[in-house]
Each structure stands twice: as structure tokens, then as C-alpha cells.
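coords.csv (CSV, C-alpha atoms) appears below.
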```csv
chain,number,residue,atom,x,y,z
A,18,MET,CA,122.2,67.9,110.4
A,19,ALA,CA,126.0,67.8,110.3
A,20,ALA,CA,127.5,67.8,106.8
A,21,SER,CA,130.5,65.9,105.7
A,22,ASN,CA,133.5,68.2,105.2
A,23,THR,CA,134.9,69.3,101.9
A,24,PHE,CA,138.5,68.6,102.6
A,25,ASP,CA,138.7,65.0,104.0
A,26,THR,CA,139.3,62.9,100.9
A,27,THR,CA,140.4,59.8,102.9
A,28,ASN,CA,137.1,58.9,104.6
A,29,LEU,CA,133.6,58.6,103.4
A,30,GLY,CA,131.9,61.9,102.6
A,31,SER,CA,131.3,64.5,100.0
A,32,ALA,CA,135.0,65.4,99.7
A,33,VAL,CA,136.0,62.2,98.0
A,34,SER,CA,134.7,63.4,94.6
A,35,ASN,CA,136.2,66.9,94.7
A,36,THR,CA,138.7,67.5,91.9
A,37,GLU,CA,142.1,69.1,92.5
A,38,GLU,CA,143.3,72.3,90.9
A,39,LEU,CA,147.0,72.8,89.9
A,40,THR,CA,148.1,75.8,87.8
A,41,ARG,CA,150.1,74.8,84.7
A,42,GLY,CA,153.8,75.9,84.8
A,43,ALA,CA,156.3,76.2,87.6
A,44,TYR,CA,157.6,79.4,89.0
A,45,LEU,CA,161.4,79.7,89.7
A,46,ILE,CA,162.1,81.3,93.0
A,47,SER,CA,165.8,81.8,92.3
A,48,PRO,CA,167.3,84.4,89.9
A,49,ALA,CA,168.5,82.9,86.7
A,50,ASN,CA,170.4,85.7,85.0
A,51,SER,CA,174.2,85.6,84.4
A,52,PRO,CA,175.0,89.1,83.1
A,53,PHE,CA,178.8,89.0,83.1
A,54,TYR,CA,178.9,85.7,81.2
A,55,SER,CA,176.2,86.9,78.8
A,56,ASN,CA,177.8,90.2,78.0
A,57,THR,CA,181.5,89.2,77.7
A,58,ASN,CA,183.1,88.4,74.4
A,59,LYS,CA,183.6,84.7,73.7
A,60,SER,CA,186.2,83.1,71.5
A,61,LYS,CA,187.3,79.6,70.6
A,62,ALA,CA,190.0,77.8,72.6
A,63,SER,CA,192.2,75.1,71.1
A,64,SER,CA,194.1,73.9,74.2
A,65,ILE,CA,193.5,73.4,77.9
A,66,MET,CA,195.9,76.3,78.7
A,67,PRO,CA,195.0,79.4,76.6
A,68,GLU,CA,197.8,81.9,76.5
A,69,TRP,CA,198.1,85.5,75.6
A,70,THR,CA,200.8,88.1,75.6
A,71,LEU,CA,201.1,91.5,77.3
A,72,ASP,CA,203.4,94.4,76.3
A,73,ASP,CA,204.2,97.8,77.6
A,74,LEU,CA,205.6,101.1,76.4
A,75,ASP,CA,208.7,102.8,77.9
A,76,ASP,CA,208.0,106.0,79.8
A,77,PRO,CA,208.2,109.0,77.6
A,78,ASP,CA,211.7,110.5,77.3
A,79,ASN,CA,212.0,114.1,76.0
A,80,THR,CA,215.8,114.4,76.4
A,81,PRO,CA,217.1,116.3,73.4
A,82,ILE,CA,220.1,115.1,71.4
A,83,PRO,CA,222.8,117.3,69.9
A,84,GLU,CA,222.7,118.1,66.2
A,85,GLY,CA,224.6,115.7,64.2
A,86,ALA,CA,224.9,113.1,67.0
A,87,ASP,CA,225.1,109.5,65.8
A,88,ALA,CA,222.8,106.9,67.3
A,89,SER,CA,224.9,105.1,69.9
A,90,ALA,CA,222.4,103.4,72.2
A,91,PHE,CA,219.7,101.0,71.1
A,92,ALA,CA,216.7,99.5,72.8
A,93,ASP,CA,215.2,96.1,72.8
A,94,GLU,CA,211.6,97.2,72.1
A,95,PHE,CA,210.1,93.8,73.2
A,96,LYS,CA,212.0,93.3,76.5
A,97,GLU,CA,208.8,93.9,78.5
A,98,GLN,CA,206.7,91.3,76.7
A,99,ALA,CA,205.1,88.7,79.0
A,100,ARG,CA,203.4,85.4,78.1
A,101,VAL,CA,200.6,84.5,80.5
A,102,PHE,CA,198.0,81.8,80.6
A,103,ASN,CA,194.9,80.5,82.4
A,104,TYR,CA,193.5,77.0,82.7
A,105,ILE,CA,190.4,75.7,81.1
A,106,GLN,CA,187.9,74.6,83.8
A,107,THR,CA,185.0,72.2,83.2
A,108,LEU,CA,181.6,72.4,84.8
A,109,GLN,CA,178.7,70.1,84.3
A,110,ARG,CA,175.1,69.4,85.2
A,111,ASN,CA,173.5,65.9,84.8
A,112,PRO,CA,169.7,66.1,84.5
A,113,MET,CA,167.5,63.0,84.5
A,114,VAL,CA,163.9,61.9,85.0
A,115,THR,CA,162.5,58.4,85.6
A,116,ASP,CA,160.7,56.6,82.8
A,117,ASP,CA,157.4,56.7,84.8
A,118,GLN,CA,157.7,60.5,85.3
A,119,GLU,CA,158.2,60.9,81.6
A,120,LEU,CA,155.0,59.0,80.8
A,121,VAL,CA,152.6,60.7,83.3
A,122,ASP,CA,150.7,64.0,82.6
A,123,ASN,CA,152.4,66.8,84.5
A,124,ALA,CA,151.5,70.4,85.1
A,125,ALA,CA,154.9,71.9,85.8
A,126,GLY,CA,157.1,70.5,83.0
A,127,VAL,CA,158.6,67.8,85.2
A,128,ASN,CA,159.9,65.8,82.2
A,129,TYR,CA,163.2,65.3,80.3
A,130,ALA,CA,163.0,68.4,78.2
A,131,GLY,CA,162.2,70.5,81.3
A,132,ALA,CA,165.0,68.9,83.2
A,133,VAL,CA,167.5,69.8,80.5
A,134,MET,CA,166.3,73.4,80.3
A,135,LYS,CA,166.6,73.8,84.1
A,136,ALA,CA,170.0,72.3,84.1
A,137,LEU,CA,171.2,74.8,81.4
A,138,LYS,CA,170.1,77.7,83.6
A,139,GLU,CA,171.9,76.2,86.5
A,140,LEU,CA,175.1,75.6,84.5
A,141,ASN,CA,175.0,79.3,83.4
A,142,ARG,CA,174.9,80.3,87.0
A,143,ASP,CA,177.7,77.9,87.9
A,144,THR,CA,179.8,79.5,85.1
A,145,GLU,CA,179.0,83.0,86.3
A,146,LYS,CA,180.1,82.1,89.8
A,147,ALA,CA,183.4,80.7,88.6
A,148,LEU,CA,184.1,83.7,86.4
A,149,LEU,CA,183.4,86.2,89.2
A,150,SER,CA,185.3,84.2,91.9
A,151,ALA,CA,188.5,84.8,93.7
A,152,ASN,CA,189.7,81.3,92.7
A,153,ALA,CA,193.4,81.2,91.8
A,154,ARG,CA,194.6,79.3,88.7
A,155,SER,CA,195.4,75.8,89.7
A,156,ILE,CA,195.8,72.2,88.5
A,157,SER,CA,195.6,69.0,90.6
A,158,GLY,CA,196.0,65.9,88.5
A,159,SER,CA,193.4,66.2,85.8
A,160,THR,CA,191.3,68.8,87.6
A,161,ARG,CA,191.8,72.4,86.5
A,162,THR,CA,190.6,75.6,88.1
A,163,THR,CA,190.4,78.8,86.0
A,164,ALA,CA,191.5,82.0,87.8
A,165,GLY,CA,188.4,84.1,88.4
A,166,LEU,CA,187.9,87.8,87.9
A,167,ALA,CA,188.4,88.7,91.6
A,168,ASP,CA,191.7,86.9,91.5
A,169,GLN,CA,193.0,88.4,88.2
A,170,LEU,CA,192.1,91.9,89.3
A,171,SER,CA,193.3,91.6,92.9
A,172,GLY,CA,196.7,93.1,92.2
A,173,ALA,CA,198.4,89.9,93.4
A,174,SER,CA,197.4,87.3,90.9
A,175,ALA,CA,199.9,84.6,90.0
A,176,ILE,CA,199.0,85.0,86.3
A,177,PHE,CA,200.6,88.4,85.8
A,178,PRO,CA,204.2,89.7,86.4
A,179,ALA,CA,204.2,92.5,89.0
A,180,GLU,CA,204.5,95.3,86.4
A,181,TYR,CA,201.3,94.2,84.7
A,182,GLU,CA,199.1,93.7,87.8
A,183,THR,CA,196.1,95.9,88.5
A,184,PRO,CA,197.3,99.1,90.2
A,185,ALA,CA,196.6,99.6,93.9
A,186,ALA,CA,194.3,102.6,93.2
A,187,GLN,CA,192.1,100.2,91.2
A,188,VAL,CA,191.9,97.5,93.9
A,189,VAL,CA,189.6,99.0,96.6
A,190,THR,CA,189.8,97.2,99.9
A,191,GLY,CA,189.1,97.9,103.5
A,192,GLY,CA,185.4,98.7,103.2
A,193,SER,CA,185.6,102.0,101.3
A,194,ALA,CA,182.2,103.5,100.6
A,195,PRO,CA,181.2,103.9,96.9
A,196,THR,CA,181.0,107.7,97.0
A,197,GLU,CA,181.3,109.8,93.9
A,198,ALA,CA,184.8,110.8,94.9
A,199,ASN,CA,186.0,107.2,95.4
A,200,VAL,CA,184.4,106.0,92.2
A,201,ASP,CA,186.0,108.9,90.3
A,202,THR,CA,189.4,108.1,91.8
A,203,VAL,CA,189.1,104.6,90.4
A,204,LEU,CA,188.0,105.8,87.0
A,205,GLN,CA,190.8,108.4,87.0
A,206,SER,CA,193.4,105.6,87.7
A,207,ILE,CA,191.9,103.4,84.9
A,208,PHE,CA,192.3,106.4,82.5
A,209,ASP,CA,195.8,107.2,83.7
A,210,GLU,CA,197.0,103.5,83.4
A,211,SER,CA,195.2,102.4,80.2
A,212,GLY,CA,195.3,105.7,78.3
A,213,GLU,CA,191.7,105.5,77.4
A,214,ASP,CA,188.5,107.1,78.7
A,215,SER,CA,187.1,104.7,81.3
A,216,SER,CA,184.1,103.4,79.4
A,217,VAL,CA,183.4,100.5,81.7
A,218,ARG,CA,180.6,98.4,82.9
A,219,ILE,CA,180.3,98.3,86.7
A,220,TYR,CA,179.0,94.8,87.6
A,221,GLY,CA,177.9,95.2,91.2
A,222,GLY,CA,176.3,93.3,94.0
A,223,SER,CA,173.0,94.7,95.2
A,224,ALA,CA,174.4,96.2,98.4
A,225,TRP,CA,177.2,97.9,96.4
A,226,ILE,CA,174.8,99.4,93.9
A,227,GLN,CA,172.4,100.5,96.6
A,228,ALA,CA,175.2,102.3,98.4
A,229,PHE,CA,176.4,103.9,95.2
A,230,ALA,CA,172.9,105.2,94.5
A,231,ASN,CA,172.6,106.5,98.1
A,232,ASN,CA,175.9,108.4,97.7
A,233,THR,CA,175.1,109.9,94.3
A,234,MET,CA,171.3,110.4,94.0
A,235,ARG,CA,170.7,112.9,96.8
A,236,LEU,CA,167.2,114.2,97.1
A,237,THR,CA,167.7,116.8,99.8
A,238,SER,CA,169.1,120.2,99.3
A,239,SER,CA,170.5,120.2,102.8
A,240,SER,CA,173.3,117.9,101.7
A,241,ASP,CA,176.6,119.5,101.0
A,242,ASN,CA,177.0,117.1,98.1
A,243,PHE,CA,173.7,118.0,96.6
A,244,ARG,CA,173.8,116.5,93.1
A,245,THR,CA,170.2,115.8,91.9
A,246,GLN,CA,167.3,118.1,91.2
A,247,VAL,CA,163.9,116.4,91.0
A,248,ASN,CA,161.0,117.6,89.0
A,249,LEU,CA,157.9,115.9,90.4
A,250,ASN,CA,155.0,115.4,88.1
A,251,GLY,CA,151.9,116.3,90.2
A,252,GLU,CA,149.6,114.1,88.2
A,253,LYS,CA,151.7,110.9,88.3
A,254,GLY,CA,153.7,111.5,91.5
A,255,THR,CA,156.7,109.6,90.1
A,256,ILE,CA,160.3,110.0,91.3
A,257,LYS,CA,163.0,108.1,89.4
A,258,ASN,CA,165.9,107.4,91.7
A,259,LYS,CA,168.2,104.9,89.9
A,260,ILE,CA,171.5,105.0,88.1
A,261,ARG,CA,172.0,103.1,84.9
A,262,VAL,CA,174.8,105.2,83.4
A,263,TYR,CA,177.2,107.3,85.4
A,264,GLU,CA,179.2,110.0,83.6
A,265,GLY,CA,182.3,111.3,85.4
A,266,GLN,CA,185.3,113.4,84.4
A,267,PHE,CA,187.3,110.4,83.2
A,268,GLY,CA,184.7,108.3,81.5
A,269,THR,CA,181.3,106.6,81.5
A,270,ALA,CA,180.2,103.7,83.6
A,271,GLU,CA,177.2,101.5,82.8
A,272,VAL,CA,175.8,100.0,86.0
A,273,VAL,CA,174.7,96.4,85.8
A,274,ASN,CA,173.2,94.3,88.6
A,275,LEU,CA,174.8,91.0,89.3
A,276,ASN,CA,172.9,87.9,90.3
A,277,SER,CA,173.3,87.8,94.1
A,278,LYS,CA,173.5,84.0,94.1
A,279,THR,CA,176.7,84.0,92.0
A,280,LEU,CA,178.7,86.4,94.1
A,281,THR,CA,181.8,85.5,96.1
A,282,ASP,CA,180.1,86.9,99.2
A,283,THR,CA,176.4,86.0,98.9
A,284,ALA,CA,175.7,87.4,102.4
A,285,ASN,CA,176.9,91.0,102.1
A,286,LYS,CA,176.6,91.4,98.3
A,287,ASP,CA,178.9,94.4,98.4
A,288,MET,CA,181.6,93.8,95.7
A,289,ALA,CA,181.8,95.4,92.3
A,290,TYR,CA,183.9,94.8,89.1
A,291,PHE,CA,184.8,97.8,86.8
A,292,ILE,CA,185.2,96.1,83.4
A,293,ASN,CA,186.3,97.5,80.1
A,294,PRO,CA,184.7,95.0,77.6
A,295,ASN,CA,187.5,95.5,75.1
A,296,TYR,CA,190.0,93.9,77.4
A,297,VAL,CA,188.4,90.8,78.8
A,298,GLU,CA,187.4,87.5,77.0
A,299,ILE,CA,186.1,84.1,77.8
A,300,LYS,CA,187.8,81.2,75.9
A,301,GLU,CA,185.5,78.2,75.4
A,302,LEU,CA,186.8,74.8,74.4
A,303,GLY,CA,184.3,73.0,72.2
A,304,GLY,CA,181.3,75.1,73.0
A,305,LEU,CA,178.4,73.8,75.0
A,306,ILE,CA,178.5,70.0,75.1
A,307,GLN,CA,175.2,68.2,75.6
A,308,LYS,CA,175.1,64.4,75.5
A,309,GLU,CA,172.2,62.1,76.1
A,310,LEU,CA,173.5,59.1,77.9
A,311,PRO,CA,172.1,55.5,77.5
A,312,ASP,CA,168.9,54.8,79.3
A,313,LEU,CA,169.6,51.7,81.4
A,314,GLY,CA,166.0,51.2,82.3
A,315,GLY,CA,165.5,53.8,85.0
A,316,GLY,CA,164.8,56.8,82.7
A,317,ARG,CA,166.3,59.4,80.3
A,318,ARG,CA,169.5,61.2,81.5
A,319,SER,CA,172.2,63.4,80.0
A,320,THR,CA,175.2,65.4,80.8
A,321,ILE,CA,175.7,69.1,79.9
A,322,ARG,CA,179.2,70.5,80.1
A,323,ARG,CA,181.0,73.8,79.5
A,324,LYS,CA,184.8,74.2,79.2
A,325,PHE,CA,186.1,77.7,79.6
A,326,ALA,CA,188.8,80.0,80.8
A,327,LEU,CA,188.8,83.7,81.7
A,328,CYS,CA,191.4,85.9,80.0
A,329,VAL,CA,192.0,89.4,81.2
A,330,LYS,CA,193.9,91.0,78.4
A,331,ASN,CA,194.9,94.2,80.2
A,332,PRO,CA,194.6,94.1,84.1
A,333,ARG,CA,195.2,97.9,84.2
A,334,ALA,CA,192.0,98.6,82.2
A,335,HIS,CA,189.8,97.2,85.0
A,336,ALA,CA,189.2,97.6,88.7
A,337,TYR,CA,187.9,95.5,91.6
A,338,TRP,CA,186.0,96.8,94.7
A,339,ASP,CA,186.0,93.9,97.2
A,340,THR,CA,183.7,95.3,99.9
A,341,ILE,CA,182.1,98.4,101.4
A,342,ALA,CA,181.9,99.7,104.9
```

Just give me the structure as C-alpha cells.
Amino acid sequence: MAASNTFDTTNLGSAVSNTEELTRGAYLISPANSPFYSNTNKSKASSIMPEWTLDDLDDPDNTPIPEGADASAFADEFKEQARVFNYIQTLQRNPMVTDDQELVDNAAGVNYAGAVMKALKELNRDTEKALLSANARSISGSTRTTAGLADQLSGASAIFPAEYETPAAQVVTGGSAPTEANVDTVLQSIFDESGEDSSVRIYGGSAWIQAFANNTMRLTSSSDNFRTQVNLNGEKGTIKNKIRVYEGQFGTAEVVNLNSKTLTDTANKDMAYFINPNYVEIKELGGLIQKELPDLGGGRRSTIRRKFALCVKNPRAHAYWDTIA
């Protein structure tokens, strides 16, 4: 005798009384982290145009003066001061759910609280993308764009006078490979220009970090640039082949993976930012703003906004690697 099937719930048969199974919770398929925004110092802004000043020292002069000579030439010690600014940019997410959806039982948190939590994660990623971007500082009517990190460290940002721009040795273009020698050249320039050991964080796209690891973690003695000796545990059979902290002659670099979805080039994922945390800051106007808006009958809704500007206090203390070969 033919039996009624166990999957046809629309016609007569045994399947009509089968219950459904749905696992509680929803699994995000997109990365939610925003490491640059999370790790960068924040401070309060009090205007839509945060400003800061830069200054420089004269080159050392060891010219001797005769004994008994009177002081005859005087210097304006503050002639090199520059006043610079960036604009506050506003980003927002506007979550909502219908009143019916709020009332029904749901396995995956599809309700107002869940919508707000998801929107917050999306807003953090939006903020990260703006901070890492090559967007130039601009204003059009009441719409303002904050200059991103790639713009401020490009060596040609409209924010800084020429004498304060990131030096050419710290703006790596043309697809240079992230070899030890090339990375050390960048760290050396940061040391020479800022006068401090290059204790930086390298925020890198996945392709840049993989290429850097391939060029520094060599596991074959046939390579002329053999750097790494491996002790293999015969019981566990584990080889660790990753870089978290790189120590060179001119400083230490902590390597941090960026969220690939927030990069300026989401296809190649091959840029990196060398950041001294002491010389970069995010100005926030009013903090995170969350407002629940009136329910006009269709369901609960709200707006979540962040107002921020990126302030690079010393462009010479950082570097930008825009692409690899």
C-alpha cells in the first residue's frame, strides 16, 4: 500500500500534523567587528568643526658663537604653528518592526529590541568605514563629510599644510609588497620623522596581512631570507604560523585584522594603516543618540545616530599602505 508522504502539508495525508523545528536564535553571516573605532581614543566635541594645532621645531643648529657676542638675531618660536580642522559627520540607522511582528512569538529575535541591537552593530560598521575611508573633508549645504584616515595620511590631504603632511616614505603606493625590508623602511621613517620608537598598530586588510605573514614567516631553510625556526611537537603536530607582534629595529608593531566589509577596497583587501595610538583621536558630538520615534500605528521605530570627526594629531607619526602587488 502506498503511504502518504511526510512533507506535503497542503494536501490530505499524514504530513499535515507534522510539527516544524526552528532553532532559537539567528546567526549573523557578516563580520560585525570594528577594531579601529573600538581601539581609538574618544573625546567630546563641542562644535561641528573640531580644530587642533600643529607645531614644529627648527632644524638643529650647532653653529658656535664668539665669546662675549651679544644676541642680535631673534626667532619667532611659533611661526610654524598651523591651525587645522575636520568636519563632524553624522551617520544613522533607523530600525523598526511592525506591531504584529512585535506581538507574535519569534525564534530569531525579530522584535524591536533585536532590531535596535542589529542597527547598533550596523552603525558601528558604518562608522568604521567612514573613518578608514579616503573621503576628503567637505561640506555641501548642511551635509558634512569627515576626512577619513586614508585621506589624512595620503600625503596630499587638504587638512594639513605641506610641511606637516605624511612623508612620502610613509605613503606606500604602486603595489609594493609588504616584505620585512619594506615594512622596516616605513617604521624607520616614522622613527626619523616623529622622534619616537615606532610603537604602532598595523590595521590591515586580510590580503595585506596574509602577504606580510608570507614574507616574514618563512618555514623553509632554502630561502635566502630564512627568518623562522620551527620546533614541531611530535605529539600534537602543531605549527603556529601567525604574526601578532612584529619587532623591528625601529619599533614594535601590533598587527590587527580589519573587518573586510569596512575597507575602501572590499575586493582586494590589501591596504594597511600604521597608527600610533597617541596621535589620533575621534571627536564625538553628543555621544550615541538613540530616540524612539512616535508609533503612528504601524509599529515601533527609532533612529540611532552618531556624530563624529577623525583628528590625526601628527600625520608624521603614522603611515598608509594603499595596495600590494

Give the answer as one residue: which of A:Ile292, A:Leu170, A:Thr115, A:Leu29 has the shortest atom-to-atom distance to A:Asp312, using all atoms listed in the file?
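Selected residue with least distance to A:Asp312: A:Thr115.
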
Using all atoms listed in the file, give me every residue within 12 Å of (176.1, 90.9, 106.5) in file coordinates, as a count of residues only.
10

Just how far from atom CA of A:Leu166 is atom CA of A:Ala147, in Å to one decimal?
8.4 Å

Find the distance between atom CA of A:Glu145 and atom CA of A:Asp339 and write it in Å to one decimal.
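We find that atom CA of A:Glu145 and atom CA of A:Asp339 lie 16.9 Å from each other.
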
Go ahead and compute the interatomic distance for atom CA of A:Ala334 and atom CA of A:Ile219, in Å to one decimal.
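If I compute the distance from atom CA of A:Ala334 to atom CA of A:Ile219, I get 12.5 Å.
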
Which residue out of A:Val189, A:Cys328, A:Ile156, A:Ile299 has the minimum interatomic distance to A:Leu204 when only C-alpha atoms are used?
A:Val189

Who sits within 10 Å of stretch 137-141 of chain A, only C-alpha atoms, same chain under 2 positions skipped, as a CSV table (one decimal) with C-alpha atoms, in the frame of the given file:
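Wrote around-v3.csv, looks like this:
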```csv
chain,number,residue,atom,x,y,z
A,48,PRO,CA,167.3,84.4,89.9
A,49,ALA,CA,168.5,82.9,86.7
A,50,ASN,CA,170.4,85.7,85.0
A,51,SER,CA,174.2,85.6,84.4
A,52,PRO,CA,175.0,89.1,83.1
A,54,TYR,CA,178.9,85.7,81.2
A,55,SER,CA,176.2,86.9,78.8
A,108,LEU,CA,181.6,72.4,84.8
A,109,GLN,CA,178.7,70.1,84.3
A,110,ARG,CA,175.1,69.4,85.2
A,111,ASN,CA,173.5,65.9,84.8
A,112,PRO,CA,169.7,66.1,84.5
A,131,GLY,CA,162.2,70.5,81.3
A,132,ALA,CA,165.0,68.9,83.2
A,133,VAL,CA,167.5,69.8,80.5
A,134,MET,CA,166.3,73.4,80.3
A,135,LYS,CA,166.6,73.8,84.1
A,143,ASP,CA,177.7,77.9,87.9
A,144,THR,CA,179.8,79.5,85.1
A,145,GLU,CA,179.0,83.0,86.3
A,146,LYS,CA,180.1,82.1,89.8
A,147,ALA,CA,183.4,80.7,88.6
A,279,THR,CA,176.7,84.0,92.0
A,305,LEU,CA,178.4,73.8,75.0
A,307,GLN,CA,175.2,68.2,75.6
A,321,ILE,CA,175.7,69.1,79.9
A,322,ARG,CA,179.2,70.5,80.1
A,323,ARG,CA,181.0,73.8,79.5
```

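Minimum distance to A:Ala179 across A:Asp75, A:Asn199, A:Trp338, A:Arg333 (counting only C-alpha atoms) occurs at A:Arg333.
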
At most 12 Å from (201.7, 81.1, 89.2), file frame, only C-alpha atoms: which residues, as a list in words?
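Applying the cut-off with only C-alpha atoms, one gets Val101, Phe102, Asn103, Tyr104, Ala153, Arg154, Ser155, Ile156, Thr163, Ala164, Asp168, Gln169, Ala173, Ser174, Ala175, Ile176, Phe177, Pro178 and Ala179 of chain A.
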